[in-house]
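Take a look at the structure set out below.
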Amino acid sequence: MASFAAGCYTTLWILRHMSSPPPELAAELARSERVLWFGQPRQGLMLRAVDAFLIPFSVVWGGFATFSELSAMKAGAPVFSALFGLPFVAVGLYLMVGRFFVDARQRTRTFYALTNERVLIVSGLFSRTVKSIGLPTLGEMSVSERSDGSGTIVFGTSSPFDWFAAGVAGWPGTGARLASRFEAIANVRTVFNAIRSAQKSVE
């Protein structure tokens, strides 16, 4: 009884602190659906745990690739040899700088919603992707929370590749490898409790 009351309080708190969902979400909702919560990931440039590995790696890769390319050009290497090194330089620049801006742009185009029927994720940098998970089939969930109350809710089982894929946003194929999630949202514990409460209401 206490857990049910807590779940109701959580849902009411969320509803009181919401406005209308943005068009990106509203376009996906059925007439029978009630939005219990919606939000977006944290905006702006963001560091992740994987950056402790990726930043030093990208500096070494990018520095070596750029040095090799400049050396080949100064030595008068054949055009093919000079062009061969450009993709490695491009990858190095993306890992050092570009991926942070791609990630930030991608999060501006990502929207999350919890309804009385499902969990909804609308995203896509170059094309629109809609992920929908019905509450009865939501299955396993895990939550990670930061000291400021923000955090990530993962739906289903994370793969060992997730930690790396999250750090190279926009790289072809990485999005498909990530488990569905509400990433870097505010008040993550409140949202997590609201999802559990909504699940119980459809059991």
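Just so we're on the same page: first chain in the structure tokens is A, next is B, and so on; residues restart at 1 for each chain, and ligands are numbered from 1 in the order they show up.
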
Could you pull out all residues of region 16-142 of chain A with a DSSP call of strand (DSSP E) and give them as number ranges by chain?
A: 35-39, 111-115, 118-123, 129-134, 141-142

Deliver the residues from the most recent selection as a file, using C-alpha atoms, as an mmCIF file, in the first residue's frame.
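Writing the result to part03.cif gives the following:
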```cif
data_model
loop_
_atom_site.group_PDB
_atom_site.id
_atom_site.type_symbol
_atom_site.label_atom_id
_atom_site.label_comp_id
_atom_site.auth_asym_id
_atom_site.auth_seq_id
_atom_site.Cartn_x
_atom_site.Cartn_y
_atom_site.Cartn_z
ATOM 1 C CA VAL A 35 1.739 11.171 -21.040
ATOM 2 C CA LEU A 36 3.025 10.629 -17.506
ATOM 3 C CA TRP A 37 6.463 12.141 -18.109
ATOM 4 C CA PHE A 38 8.579 13.448 -20.968
ATOM 5 C CA GLY A 39 12.039 14.923 -21.227
ATOM 6 C CA PHE A 111 13.098 12.952 -26.795
ATOM 7 C CA TYR A 112 11.837 10.556 -24.133
ATOM 8 C CA ALA A 113 8.334 9.863 -22.889
ATOM 9 C CA LEU A 114 6.581 7.604 -20.422
ATOM 10 C CA THR A 115 2.890 7.044 -21.127
ATOM 11 C CA ARG A 118 4.713 2.366 -23.060
ATOM 12 C CA VAL A 119 8.151 3.907 -22.979
ATOM 13 C CA LEU A 120 8.892 6.007 -26.066
ATOM 14 C CA ILE A 121 12.223 7.190 -27.463
ATOM 15 C CA VAL A 122 12.358 9.462 -30.517
ATOM 16 C CA SER A 123 15.823 10.238 -31.854
ATOM 17 C CA THR A 129 14.125 6.671 -35.244
ATOM 18 C CA VAL A 130 11.259 5.710 -32.947
ATOM 19 C CA LYS A 131 11.649 3.059 -30.254
ATOM 20 C CA SER A 132 8.573 1.891 -28.392
ATOM 21 C CA ILE A 133 8.534 -0.603 -25.504
ATOM 22 C CA GLY A 134 5.209 -1.639 -24.021
ATOM 23 C CA MET A 141 15.596 -2.069 -15.853
ATOM 24 C CA SER A 142 18.700 -0.589 -14.281
#
```

For Ser32 (chain A), find every residue with an atom within 9 Å (counting only C-alpha atoms), except residues of its own chain fewer than 3 positions away, and show them as a count of residues only.
3

Shell of 9 Å around Met46 (chain A), only C-alpha atoms, local chain residues under 5 positions omitted, as an MDAnalysis selection string:
chainID A and resid 100 103:104

Next, the residues of the selection above should be written as an mmCIF file, in the first residue's frame with C-alpha atoms.
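Listed below is the output, selection_32.cif:
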```cif
data_model
loop_
_atom_site.group_PDB
_atom_site.id
_atom_site.type_symbol
_atom_site.label_atom_id
_atom_site.label_comp_id
_atom_site.auth_asym_id
_atom_site.auth_seq_id
_atom_site.Cartn_x
_atom_site.Cartn_y
_atom_site.Cartn_z
ATOM 1 C CA PHE A 100 31.562 15.842 -28.859
ATOM 2 C CA ASP A 103 26.854 13.879 -29.560
ATOM 3 C CA ALA A 104 25.542 17.263 -28.392
#
```

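Going from CA of Ser68 (chain A) over to CA of Gly85 (chain A), you cover 7.7 Å.
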